file my_file.cif (mmCIF, C-alpha atoms)
data_run
loop_
_atom_site.label_atom_id
_atom_site.label_comp_id
_atom_site.auth_asym_id
_atom_site.auth_seq_id
_atom_site.Cartn_x
_atom_site.Cartn_y
_atom_site.Cartn_z
CA MET A 1 -17.18 -15.06 9.87
CA LYS A 2 -14.31 -12.99 11.21
CA PHE A 3 -12.58 -9.89 9.88
CA SER A 4 -8.90 -9.04 9.75
CA VAL A 5 -6.77 -6.24 8.30
CA GLN A 6 -3.47 -6.40 6.46
CA GLU A 7 -0.81 -5.14 8.84
CA ASN A 8 0.36 -2.27 6.62
CA LEU A 9 -3.09 -0.64 6.84
CA VAL A 10 -3.05 -0.46 10.64
CA PRO A 11 -1.43 2.59 12.29
CA GLY A 12 1.10 1.93 15.06
CA LYS A 13 4.82 1.79 15.64
CA ASP A 14 4.81 -1.87 16.67
CA TYR A 15 2.55 -4.90 16.87
CA GLU A 16 1.34 -4.00 20.35
CA GLU A 17 -0.02 -0.66 19.12
CA LYS A 18 -1.48 -2.20 15.97
CA PHE A 19 -3.18 -5.06 17.82
CA SER A 20 -4.49 -2.69 20.49
CA LEU A 21 -6.13 -0.52 17.83
CA LEU A 22 -7.63 -3.50 16.01
CA LYS A 23 -9.15 -4.69 19.27
CA GLN A 24 -10.54 -1.21 19.95
CA LEU A 25 -12.12 -1.05 16.49
CA GLY A 26 -13.73 -4.47 16.75
CA TYR A 27 -11.62 -6.53 14.34
CA ASP A 28 -10.72 -10.16 14.98
CA GLY A 29 -7.33 -10.55 13.34
CA VAL A 30 -4.43 -9.30 11.28
CA GLU A 31 -2.99 -10.54 8.00
CA LEU A 32 0.81 -10.50 8.04
CA TRP A 33 3.14 -10.00 5.10
CA GLY A 34 5.50 -12.95 4.80
CA LYS A 35 8.71 -10.96 4.64
CA GLU A 36 11.97 -12.65 5.58
CA ASP A 37 12.27 -10.81 8.90
CA LEU A 38 8.93 -12.23 10.08
CA ALA A 39 10.86 -15.18 11.52
CA GLN A 40 12.47 -12.84 14.07
CA LYS A 41 9.11 -11.32 15.03
CA VAL A 42 7.12 -14.46 15.84
CA ASP A 43 7.53 -14.21 19.61
CA GLN A 44 6.62 -10.50 19.61
CA ILE A 45 3.50 -11.21 17.53
CA LYS A 46 2.46 -14.07 19.80
CA GLU A 47 2.73 -11.84 22.85
CA ALA A 48 0.68 -9.04 21.26
CA SER A 49 -1.88 -11.56 20.04
CA ALA A 50 -2.31 -13.03 23.52
CA SER A 51 -2.50 -9.59 25.15
CA TYR A 52 -5.22 -8.19 22.90
CA GLY A 53 -7.07 -11.26 21.64
CA ILE A 54 -6.23 -10.44 18.03
CA SER A 55 -5.40 -13.53 15.98
CA VAL A 56 -3.15 -13.89 12.96
CA SER A 57 -5.54 -14.76 10.16
CA THR A 58 -3.03 -15.49 7.42
CA ILE A 59 0.47 -14.90 6.09
CA CYS A 60 0.45 -13.32 2.64
CA VAL A 61 3.19 -14.30 0.15
CA GLY A 62 6.62 -12.69 0.76
CA TYR A 63 8.72 -15.64 -0.42
CA LYS A 64 11.36 -15.35 -3.12
CA GLY A 65 11.45 -17.19 -6.41
CA ASP A 66 8.52 -18.35 -8.52
CA LEU A 67 6.76 -21.71 -8.44
CA LEU A 68 6.63 -21.67 -12.24
CA ALA A 69 9.99 -20.13 -13.03
CA ALA A 70 12.08 -21.55 -15.87
CA SER A 71 14.97 -22.08 -13.46
CA PRO A 72 14.79 -25.08 -11.09
CA LYS A 73 16.74 -23.00 -8.57
CA ASP A 74 14.05 -20.30 -8.55
CA ARG A 75 11.29 -22.90 -8.22
CA GLU A 76 13.10 -24.53 -5.31
CA LEU A 77 13.55 -21.12 -3.70
CA ALA A 78 9.80 -20.55 -3.83
CA VAL A 79 8.95 -24.01 -2.46
CA ASN A 80 11.38 -23.66 0.44
CA GLY A 81 10.16 -20.13 1.15
CA ILE A 82 6.57 -21.34 1.35
CA ILE A 83 7.61 -24.15 3.69
CA ASP A 84 9.24 -21.62 6.02
CA ARG A 85 6.04 -19.57 6.06
CA LEU A 86 3.91 -22.65 6.71
CA ASN A 87 6.00 -23.24 9.83
CA TRP A 88 5.52 -19.62 10.94
CA ALA A 89 1.79 -19.81 10.22
CA ALA A 90 1.46 -22.96 12.30
CA GLU A 91 3.32 -21.40 15.22
CA LEU A 92 1.14 -18.29 15.07
CA GLY A 93 -2.12 -20.21 14.71
CA ALA A 94 -2.87 -18.72 11.29
CA VAL A 95 -5.22 -20.36 8.80
CA GLY A 96 -2.42 -20.68 6.28
CA VAL A 97 -0.08 -19.09 3.76
CA ILE A 98 -1.44 -17.26 0.72
CA VAL A 99 0.30 -18.27 -2.51
CA VAL A 100 -0.08 -16.76 -5.98
CA PRO A 101 1.05 -19.47 -8.43
CA THR A 102 2.81 -17.01 -10.77
CA ALA A 103 2.62 -13.45 -12.07
CA GLY A 104 2.70 -12.28 -15.66
CA GLY A 105 3.01 -14.70 -18.57
CA PRO A 106 4.58 -18.16 -18.92
CA LYS A 107 8.27 -18.52 -18.09
CA ILE A 108 8.69 -22.04 -19.44
CA PRO A 109 8.65 -22.92 -23.17
CA ASP A 110 5.68 -24.11 -25.18
CA LEU A 111 6.36 -27.74 -26.15
CA SER A 112 3.43 -28.20 -28.52
CA PRO A 113 2.32 -30.60 -29.82
CA TYR A 114 3.46 -32.51 -26.72
CA ALA A 115 2.06 -29.90 -24.33
CA THR A 116 1.46 -26.17 -24.24
CA ALA A 117 3.26 -23.98 -21.72
CA VAL A 118 0.07 -23.67 -19.65
CA GLU A 119 -0.48 -27.44 -19.64
CA LEU A 120 3.10 -27.97 -18.48
CA GLU A 121 2.74 -25.24 -15.84
CA ARG A 122 -0.38 -26.82 -14.41
CA ARG A 123 1.29 -30.24 -14.12
CA LEU A 124 4.37 -28.70 -12.52
CA LEU A 125 2.31 -26.61 -10.10
CA ILE A 126 0.28 -29.61 -8.95
CA GLU A 127 3.43 -31.63 -8.27
CA GLU A 128 4.89 -28.78 -6.22
CA LEU A 129 1.62 -28.33 -4.34
CA LYS A 130 1.43 -32.04 -3.55
CA LEU A 131 4.76 -31.69 -1.75
CA LEU A 132 3.59 -28.49 -0.03
CA SER A 133 0.28 -30.09 0.91
CA LYS A 134 2.09 -32.79 2.83
CA LYS A 135 4.30 -30.22 4.57
CA ALA A 136 1.24 -28.14 5.47
CA LEU A 137 -0.58 -31.12 6.95
CA ASP A 138 2.53 -32.16 8.87
CA VAL A 139 2.74 -28.79 10.67
CA GLY A 140 -1.00 -28.10 10.88
CA SER A 141 -1.41 -25.35 8.32
CA ARG A 142 -2.58 -24.84 4.72
CA VAL A 143 -1.36 -23.51 1.41
CA ILE A 144 -4.04 -21.07 0.22
CA ILE A 145 -4.11 -20.46 -3.54
CA GLU A 146 -5.09 -16.93 -4.53
CA PRO A 147 -6.54 -16.56 -8.05
CA VAL A 148 -5.71 -13.19 -9.62
CA ASN A 149 -7.19 -11.51 -12.67
CA ARG A 150 -6.06 -11.93 -16.27
CA TYR A 151 -4.19 -8.63 -16.30
CA GLU A 152 -1.85 -9.77 -13.51
CA SER A 153 -1.42 -13.47 -14.32
CA HIS A 154 -2.26 -15.87 -17.11
CA LEU A 155 -2.91 -18.85 -14.82
CA ALA A 156 -5.68 -19.55 -12.29
CA ASN A 157 -7.66 -16.39 -12.92
CA LYS A 158 -10.98 -17.75 -11.68
CA VAL A 159 -11.61 -19.19 -8.23
CA ALA A 160 -12.78 -22.43 -9.88
CA ASP A 161 -9.35 -22.74 -11.54
CA ALA A 162 -7.66 -22.63 -8.14
CA TYR A 163 -10.25 -25.03 -6.70
CA SER A 164 -9.62 -27.69 -9.34
CA ILE A 165 -5.87 -27.43 -8.73
CA ALA A 166 -6.39 -27.69 -4.96
CA LEU A 167 -8.51 -30.83 -5.34
CA GLU A 168 -5.70 -32.52 -7.27
CA ALA A 169 -2.94 -31.28 -4.98
CA GLY A 170 -4.23 -32.61 -1.66
CA GLU A 171 -6.02 -31.75 1.57
CA GLY A 172 -3.33 -29.32 2.65
CA VAL A 173 -4.17 -26.98 -0.23
CA ALA A 174 -7.14 -24.64 -0.06
CA VAL A 175 -8.40 -21.59 -1.94
CA MET A 176 -9.35 -18.01 -1.25
CA ALA A 177 -11.50 -15.49 -3.08
CA ASP A 178 -10.59 -11.84 -3.63
CA PHE A 179 -13.52 -9.53 -4.36
CA TYR A 180 -11.40 -7.22 -6.52
CA HIS A 181 -10.28 -10.05 -8.79
CA MET A 182 -13.73 -11.67 -8.78
CA ASN A 183 -15.23 -8.37 -9.95
CA ILE A 184 -13.16 -8.79 -13.13
CA GLU A 185 -13.34 -12.54 -13.66
CA GLU A 186 -16.54 -13.98 -12.19
CA ALA A 187 -20.01 -13.79 -13.76
CA ASN A 188 -21.80 -14.62 -10.50
CA VAL A 189 -19.92 -14.20 -7.21
CA ILE A 190 -22.41 -16.09 -5.05
CA GLU A 191 -22.45 -19.08 -7.40
CA THR A 192 -18.65 -19.02 -7.47
CA LEU A 193 -18.42 -19.06 -3.68
CA LYS A 194 -20.98 -21.86 -3.48
CA SER A 195 -19.07 -24.01 -5.97
CA VAL A 196 -15.74 -23.78 -4.12
CA PHE A 197 -17.03 -23.68 -0.55
CA PRO A 198 -15.53 -27.07 0.50
CA ARG A 199 -12.01 -25.60 0.14
CA LEU A 200 -12.73 -21.90 0.74
CA VAL A 201 -10.76 -20.71 3.79
CA HIS A 202 -10.09 -17.00 3.22
CA LEU A 203 -11.33 -13.80 1.56
CA HIS A 204 -9.67 -10.59 0.47
CA LEU A 205 -11.95 -7.59 0.72
CA SER A 206 -11.49 -4.73 -1.72
CA ASP A 207 -13.89 -2.82 -3.93
CA ASN A 208 -13.70 -2.67 -7.72
CA ASN A 209 -11.50 0.44 -7.56
CA ARG A 210 -9.17 -1.13 -4.96
CA SER A 211 -10.63 1.15 -2.32
CA GLN A 212 -12.14 -0.13 0.91
CA PRO A 213 -15.41 -2.06 0.55
CA GLY A 214 -18.38 0.25 0.17
CA LYS A 215 -16.48 2.90 -1.80
CA GLY A 216 -17.13 1.34 -5.22
CA HIS A 217 -19.85 -0.67 -6.90
CA VAL A 218 -19.16 -4.25 -5.71
CA ASP A 219 -21.99 -5.97 -3.85
CA PHE A 220 -20.63 -7.23 -0.53
CA ALA A 221 -23.90 -7.72 1.36
CA GLY A 222 -25.19 -10.54 -0.83
CA PRO A 223 -22.05 -12.70 -0.89
CA LEU A 224 -21.08 -12.10 2.76
CA SER A 225 -24.60 -12.83 3.99
CA TYR A 226 -24.65 -15.95 1.85
CA LEU A 227 -21.36 -17.18 3.29
CA LYS A 228 -22.69 -16.54 6.78
CA SER A 229 -25.72 -18.70 5.96
CA LEU A 230 -23.37 -21.51 4.91
CA GLY A 231 -21.50 -21.28 8.20
CA TYR A 232 -18.30 -19.78 6.81
CA SER A 233 -16.08 -19.47 9.90
CA TYR A 234 -12.84 -18.11 8.45
CA TYR A 235 -11.65 -14.55 7.83
CA GLY A 236 -12.30 -11.77 5.40
CA ALA A 237 -9.16 -9.59 5.32
CA LEU A 238 -9.03 -5.99 4.17
CA GLU A 239 -6.56 -5.70 1.28
CA CYS A 240 -7.32 -2.27 -0.11
CA ASN A 241 -6.60 1.43 -0.16
CA LEU A 242 -8.21 3.28 2.72
CA SER A 243 -10.32 6.26 1.73
CA GLY A 244 -9.14 8.63 4.47
CA GLU A 245 -7.28 8.84 7.77
CA PRO A 246 -6.45 5.21 8.64
CA LYS A 247 -8.05 4.93 12.08
CA ALA A 248 -11.25 6.66 10.98
CA SER A 249 -11.39 4.62 7.77
CA LEU A 250 -10.91 1.32 9.60
CA LYS A 251 -13.63 2.27 12.07
CA GLU A 252 -15.99 3.18 9.24
CA GLU A 253 -15.14 -0.03 7.43
CA ARG A 254 -15.85 -2.23 10.44
CA GLU A 255 -19.35 -0.72 10.63
CA PHE A 256 -19.84 -1.30 6.92
CA LEU A 257 -18.79 -4.97 7.20
CA ARG A 258 -21.00 -5.47 10.24
CA SER A 259 -23.96 -4.13 8.29
CA ALA A 260 -23.15 -6.04 5.10
CA SER A 261 -22.54 -9.42 6.73
CA GLY A 262 -24.65 -9.27 9.86
CA VAL A 263 -21.53 -10.10 11.90
#
call {"tool": "encode", "arguments": {"input": "my_file.cif", "output": "structure tokens"}}
result
Amino acid sequence: MKFSVQENLVPGKDYEEKFSLLKQLGYDGVELWGKEDLAQKVDQIKEASASYGISVSTICVGYKGDLLAASPKDRELAVNGIIDRLNWAAELGAVGVIVVPTAGGPKIPDLSPYATAVELERRLLIEELKLLSKKALDVGSRVIIEPVNRYESHLANKVADAYSIALEAGEGVAVMADFYHMNIEEANVIETLKSVFPRLVHLHLSDNNRSQPGKGHVDFAGPLSYLKSLGYSYYGALECNLSGEPKASLKEEREFLRSASGV
């Protein structure tokens, strides 16, 4: 198991400073935001990565549009945006691109009794992901579905929901688990991780209050130790609010994760 930090949490005026600090603090990687200007920064990131031995774990969203928008144009915008980020992820050696299927409620109409909006959304999403799965495999990357809680999205709230979609969509589609969302949706985190392990390629680490792990009531030691016992070799990325001065908080957090996971 390896640990990375979302880039916005790391102090520094450029990637060289950020990667240098992550190396100093004992982290393995960085999670990048998939903003449009990332395309112009790929060479700079590759140089900093090579200099400090800090890998790019993942690219997190950043594309425009919505995979389940009512407008075909907005759906196409999302698909093409994800394809761009798959290419960047492949060039940077990242595990893949994190994708949230949709936010909020349904955008397409309910066509009952033929099909409900959610049934139609699921069919549509799987067809889009089949296309993206092929693109991901072609370039050597993955689409990583992130389940989010019921208060942020109506679709794929549980990790098992994302897993079943990934199995239908193809080998280029995987899943991740976010401890903040799991705290709301999952009855048993360890059983959840066990059930989706064949496609589990990423974690987001945040406590129940969105603070850094160890500052709330979520159990990290049990699940992280369990994943280690299964041979989980991917990243856990900090996606949280830091409790204090960033450098000190990141240092404290690395010690907490080392203790909790045994890594």
call {"tool": "atom_distance", "arguments": {"input": "my_file.cif", "atom1": "CA of Leu125 (chain A)", "atom2": "CA of Leu32 (chain A)"}}
result
24.3 Å
call {"tool": "closest_atom_pairs", "arguments": {"input": "my_file.cif", "of": "region 55-80 of chain A", "to": "region 201-208 of chain A", "cutoff": "12 Å", "atoms": "all atoms listed in the file", "output": "tab-separated table"}}
result
residue	atom	partner	partner_atom	distance
A:Ser57	CA	A:His202	CA	8.6
A:Thr58	CA	A:His202	CA	8.4
A:Ile59	CA	A:His202	CA	11.1
A:Cys60	CA	A:His204	CA	10.7
call {"tool": "resolve_selection", "arguments": {"input": "my_file.cif", "expression": "the PyMOL selection byres ((chain A and resi 234-246) around 8)", "output": "NGL selection string"}}
result
:A and (1-6 or 9-11 or 30-31 or 57 or 95 or 201-207 or 210-212 or 215 or 232-233 or 247-250)
call {"tool": "atom_distance", "arguments": {"input": "my_file.cif", "atom1": "CA of Glu91 (chain A)", "atom2": "CA of Val56 (chain A)"}}
result
10.2 Å
call {"tool": "atom_distance", "arguments": {"input": "my_file.cif", "atom1": "CA of Lys35 (chain A)", "atom2": "CA of Val100 (chain A)"}}
result
15.0 Å
call {"tool": "closest_atom_pairs", "arguments": {"input": "my_file.cif", "of": "region 109-207 of chain A", "to": "region 70-78 of chain A", "cutoff": "12 Å", "atoms": "only C-alpha atoms", "output": "Markdown table"}}
result
| residue | atom | partner | partner_atom | distance |
| --- | --- | --- | --- | --- |
| A:Pro109 | CA | A:Ala70 | CA | 8.2 |
| A:Asp110 | CA | A:Ala70 | CA | 11.6 |
| A:Ala117 | CA | A:Ala70 | CA | 10.9 |
| A:Leu120 | CA | A:Ala70 | CA | 11.3 |
| A:Glu121 | CA | A:Ala70 | CA | 10.0 |
| A:Leu124 | CA | A:Arg75 | CA | 10.0 |
| A:Leu125 | CA | A:Arg75 | CA | 9.9 |
| A:Glu127 | CA | A:Arg75 | CA | 11.7 |
| A:Glu128 | CA | A:Arg75 | CA | 8.9 |
| A:Leu129 | CA | A:Ala78 | CA | 11.3 |
| A:Leu131 | CA | A:Glu76 | CA | 11.6 |
| A:Leu132 | CA | A:Ala78 | CA | 10.8 |
call {"tool": "residues_around", "arguments": {"input": "my_file.cif", "residues": "Ala39 (chain A)", "least_positions_apart": "4", "cutoff": "9 Å", "atoms": "only C-alpha atoms", "output": "list of chain:residue names"}}
result
A:Gly34, A:Lys35, A:Asp43, A:Asp84, A:Arg85, A:Trp88
call {"tool": "residues_around", "arguments": {"input": "my_file.cif", "residues": "region 223-231 of chain A", "least_positions_apart": "5", "cutoff": "9 Å", "atoms": "only C-alpha atoms", "output": "list of chain:residue names"}}
result
A:Met1, A:Val189, A:Ile190, A:Leu193, A:Lys194, A:Phe197, A:Leu257, A:Ala260, A:Ser261, A:Gly262, A:Val263
call {"tool": "resolve_selection", "arguments": {"input": "my_file.cif", "expression": "the PyMOL selection byres ((chain A and resi 182) around 12)", "output": "JSON, numbers by chain"}}
result
{"A": [146, 147, 148, 149, 150, 156, 157, 158, 159, 160, 176, 177, 178, 179, 180, 181, 183, 184, 185, 186, 187, 188, 189, 190, 191, 192, 193, 203, 204, 205, 206, 207, 208, 218, 219, 220, 223]}
call {"tool": "closest_residue", "arguments": {"input": "my_file.cif", "among": "A:Ala69, A:Leu25, A:Leu92, A:Ala174", "to": "Ile45 (chain A)", "atoms": "all atoms listed in the file"}}
result
A:Leu92
call {"tool": "resolve_selection", "arguments": {"input": "my_file.cif", "expression": "the PyMOL selection byres ((chain A and resi 138-142) around 8)", "output": "list in words"}}
result
Leu86, Asn87, Ala89, Ala90, Ala94, Val95, Gly96, Val97, Ser133, Lys134, Lys135, Ala136, Leu137, Val143, Ile144, Gly172, Val173 and Ala174 of chain A
call {"tool": "write_last_selection", "arguments": {"input": "my_file.cif", "atoms": "C-alpha atoms", "output": "compact mmCIF listing (two decimals), in the coordinates of the input"}}
result
# COMPACT_ATOMS: atom_id res chain seq x y z
CA LEU A 86 3.91 -22.65 6.71
CA ASN A 87 6.00 -23.24 9.83
CA ALA A 89 1.79 -19.81 10.22
CA ALA A 90 1.46 -22.96 12.30
CA ALA A 94 -2.87 -18.72 11.29
CA VAL A 95 -5.22 -20.36 8.80
CA GLY A 96 -2.42 -20.68 6.28
CA VAL A 97 -0.08 -19.09 3.76
CA SER A 133 0.28 -30.09 0.91
CA LYS A 134 2.09 -32.79 2.83
CA LYS A 135 4.30 -30.22 4.57
CA ALA A 136 1.24 -28.14 5.47
CA LEU A 137 -0.58 -31.12 6.95
CA VAL A 143 -1.36 -23.51 1.41
CA ILE A 144 -4.04 -21.07 0.22
CA GLY A 172 -3.33 -29.32 2.65
CA VAL A 173 -4.17 -26.98 -0.23
CA ALA A 174 -7.14 -24.64 -0.06
call {"tool": "closest_residue", "arguments": {"input": "my_file.cif", "among": "A:Gly93, A:Gly222, A:Gly214, A:Pro101", "to": "Gly65 (chain A)", "atoms": "only C-alpha atoms"}}
result
A:Pro101
call {"tool": "residues_around", "arguments": {"input": "my_file.cif", "residues": "Ser49 (chain A)", "least_positions_apart": "3", "cutoff": "9 Å", "atoms": "all atoms listed in the file", "output": "PyMOL selection string"}}
result
chain A and resi 15-16+19+29+44-46+52-56+92
call {"tool": "write_last_selection", "arguments": {"input": "my_file.cif", "atoms": "C-alpha atoms", "output": "JSON list (two decimals), in the coordinates of the input"}}
result
[["chain", "number", "residue", "atom", "x", "y", "z"],
["A", 15, "TYR", "CA", 2.55, -4.90, 16.87],
["A", 16, "GLU", "CA", 1.34, -4.00, 20.35],
["A", 19, "PHE", "CA", -3.18, -5.06, 17.82],
["A", 29, "GLY", "CA", -7.33, -10.55, 13.34],
["A", 44, "GLN", "CA", 6.62, -10.50, 19.61],
["A", 45, "ILE", "CA", 3.50, -11.21, 17.53],
["A", 46, "LYS", "CA", 2.46, -14.07, 19.80],
["A", 52, "TYR", "CA", -5.22, -8.19, 22.90],
["A", 53, "GLY", "CA", -7.07, -11.26, 21.64],
["A", 54, "ILE", "CA", -6.23, -10.44, 18.03],
["A", 55, "SER", "CA", -5.40, -13.53, 15.98],
["A", 56, "VAL", "CA", -3.15, -13.89, 12.96],
["A", 92, "LEU", "CA", 1.14, -18.29, 15.07]]
call {"tool": "build_atoms", "arguments": {"input": "my_file.cif", "residues": "region 197-223 of chain A", "atoms": "N, CA and C atoms", "output": "PDB file, in the frame of the given file"}}
result
ATOM      1  N   PHE A 197     -16.921 -23.793  -2.009  1.00  0.00           N
ATOM      2  CA  PHE A 197     -17.030 -23.680  -0.550  1.00  0.00           C
ATOM      3  C   PHE A 197     -16.282 -24.776   0.218  1.00  0.00           C
ATOM      4  N   PRO A 198     -16.246 -26.028  -0.266  1.00  0.00           N
ATOM      5  CA  PRO A 198     -15.530 -27.070   0.500  1.00  0.00           C
ATOM      6  C   PRO A 198     -14.057 -26.771   0.763  1.00  0.00           C
ATOM      7  N   ARG A 199     -13.426 -25.939  -0.074  1.00  0.00           N
ATOM      8  CA  ARG A 199     -12.010 -25.600   0.140  1.00  0.00           C
ATOM      9  C   ARG A 199     -11.791 -24.105   0.362  1.00  0.00           C
ATOM     10  N   LEU A 200     -12.854 -23.344   0.578  1.00  0.00           N
ATOM     11  CA  LEU A 200     -12.730 -21.900   0.740  1.00  0.00           C
ATOM     12  C   LEU A 200     -12.391 -21.566   2.188  1.00  0.00           C
ATOM     13  N   VAL A 201     -11.194 -20.968   2.411  1.00  0.00           N
ATOM     14  CA  VAL A 201     -10.760 -20.710   3.790  1.00  0.00           C
ATOM     15  C   VAL A 201     -10.342 -19.255   4.026  1.00  0.00           C
ATOM     16  N   HIS A 202     -10.510 -18.391   3.015  1.00  0.00           N
ATOM     17  CA  HIS A 202     -10.090 -17.000   3.220  1.00  0.00           C
ATOM     18  C   HIS A 202     -10.699 -16.115   2.150  1.00  0.00           C
ATOM     19  N   LEU A 203     -10.850 -14.821   2.494  1.00  0.00           N
ATOM     20  CA  LEU A 203     -11.330 -13.800   1.560  1.00  0.00           C
ATOM     21  C   LEU A 203     -10.418 -12.593   1.632  1.00  0.00           C
ATOM     22  N   HIS A 204     -10.243 -11.926   0.497  1.00  0.00           N
ATOM     23  CA  HIS A 204      -9.670 -10.590   0.470  1.00  0.00           C
ATOM     24  C   HIS A 204     -10.780  -9.611   0.111  1.00  0.00           C
ATOM     25  N   LEU A 205     -10.868  -8.547   0.875  1.00  0.00           N
ATOM     26  CA  LEU A 205     -11.950  -7.590   0.720  1.00  0.00           C
ATOM     27  C   LEU A 205     -11.428  -6.278   0.163  1.00  0.00           C
ATOM     28  N   SER A 206     -11.877  -5.967  -1.042  1.00  0.00           N
ATOM     29  CA  SER A 206     -11.490  -4.730  -1.720  1.00  0.00           C
ATOM     30  C   SER A 206     -12.547  -4.441  -2.758  1.00  0.00           C
ATOM     31  N   ASP A 207     -12.874  -3.172  -2.958  1.00  0.00           N
ATOM     32  CA  ASP A 207     -13.890  -2.820  -3.930  1.00  0.00           C
ATOM     33  C   ASP A 207     -13.310  -2.843  -5.347  1.00  0.00           C
ATOM     34  N   ASN A 208     -14.146  -2.583  -6.332  1.00  0.00           N
ATOM     35  CA  ASN A 208     -13.700  -2.670  -7.720  1.00  0.00           C
ATOM     36  C   ASN A 208     -12.596  -1.691  -8.068  1.00  0.00           C
ATOM     37  N   ASN A 209     -12.512  -0.586  -7.314  1.00  0.00           N
ATOM     38  CA  ASN A 209     -11.500   0.440  -7.560  1.00  0.00           C
ATOM     39  C   ASN A 209     -10.309   0.319  -6.610  1.00  0.00           C
ATOM     40  N   ARG A 210     -10.218  -0.826  -5.940  1.00  0.00           N
ATOM     41  CA  ARG A 210      -9.170  -1.130  -4.960  1.00  0.00           C
ATOM     42  C   ARG A 210      -9.285  -0.290  -3.689  1.00  0.00           C
ATOM     43  N   SER A 211     -10.382   0.435  -3.557  1.00  0.00           N
ATOM     44  CA  SER A 211     -10.630   1.150  -2.320  1.00  0.00           C
ATOM     45  C   SER A 211     -11.293   0.211  -1.318  1.00  0.00           C
ATOM     46  N   GLN A 212     -11.519   0.710  -0.111  1.00  0.00           N
ATOM     47  CA  GLN A 212     -12.140  -0.130   0.910  1.00  0.00           C
ATOM     48  C   GLN A 212     -13.567  -0.481   0.500  1.00  0.00           C
ATOM     49  N   PRO A 213     -14.053  -1.654   0.891  1.00  0.00           N
ATOM     50  CA  PRO A 213     -15.410  -2.060   0.550  1.00  0.00           C
ATOM     51  C   PRO A 213     -16.436  -0.988   0.918  1.00  0.00           C
ATOM     52  N   GLY A 214     -17.364  -0.770  -0.023  1.00  0.00           N
ATOM     53  CA  GLY A 214     -18.380   0.250   0.170  1.00  0.00           C
ATOM     54  C   GLY A 214     -18.073   1.539  -0.538  1.00  0.00           C
ATOM     55  N   LYS A 215     -16.874   1.670  -1.104  1.00  0.00           N
ATOM     56  CA  LYS A 215     -16.480   2.900  -1.800  1.00  0.00           C
ATOM     57  C   LYS A 215     -16.471   2.716  -3.318  1.00  0.00           C
ATOM     58  N   GLY A 216     -17.030   1.610  -3.785  1.00  0.00           N
ATOM     59  CA  GLY A 216     -17.130   1.340  -5.220  1.00  0.00           C
ATOM     60  C   GLY A 216     -18.490   0.740  -5.510  1.00  0.00           C
ATOM     61  N   HIS A 217     -18.551  -0.127  -6.525  1.00  0.00           N
ATOM     62  CA  HIS A 217     -19.850  -0.670  -6.900  1.00  0.00           C
ATOM     63  C   HIS A 217     -20.013  -2.169  -6.640  1.00  0.00           C
ATOM     64  N   VAL A 218     -19.046  -2.823  -5.996  1.00  0.00           N
ATOM     65  CA  VAL A 218     -19.160  -4.250  -5.710  1.00  0.00           C
ATOM     66  C   VAL A 218     -20.217  -4.500  -4.648  1.00  0.00           C
ATOM     67  N   ASP A 219     -21.015  -5.539  -4.853  1.00  0.00           N
ATOM     68  CA  ASP A 219     -21.990  -5.970  -3.850  1.00  0.00           C
ATOM     69  C   ASP A 219     -21.281  -6.866  -2.836  1.00  0.00           C
ATOM     70  N   PHE A 220     -21.199  -6.414  -1.598  1.00  0.00           N
ATOM     71  CA  PHE A 220     -20.630  -7.230  -0.530  1.00  0.00           C
ATOM     72  C   PHE A 220     -21.722  -7.887   0.317  1.00  0.00           C
ATOM     73  N   ALA A 221     -22.863  -7.220   0.468  1.00  0.00           N
ATOM     74  CA  ALA A 221     -23.900  -7.720   1.360  1.00  0.00           C
ATOM     75  C   ALA A 221     -24.417  -9.083   0.932  1.00  0.00           C
ATOM     76  N   GLY A 222     -24.669  -9.257  -0.358  1.00  0.00           N
ATOM     77  CA  GLY A 222     -25.190 -10.540  -0.830  1.00  0.00           C
ATOM     78  C   GLY A 222     -24.229 -11.691  -0.586  1.00  0.00           C
ATOM     79  N   PRO A 223     -22.995 -11.602  -1.091  1.00  0.00           N
ATOM     80  CA  PRO A 223     -22.050 -12.700  -0.890  1.00  0.00           C
ATOM     81  C   PRO A 223     -21.689 -12.959   0.576  1.00  0.00           C
TER      82      PRO A 223
END
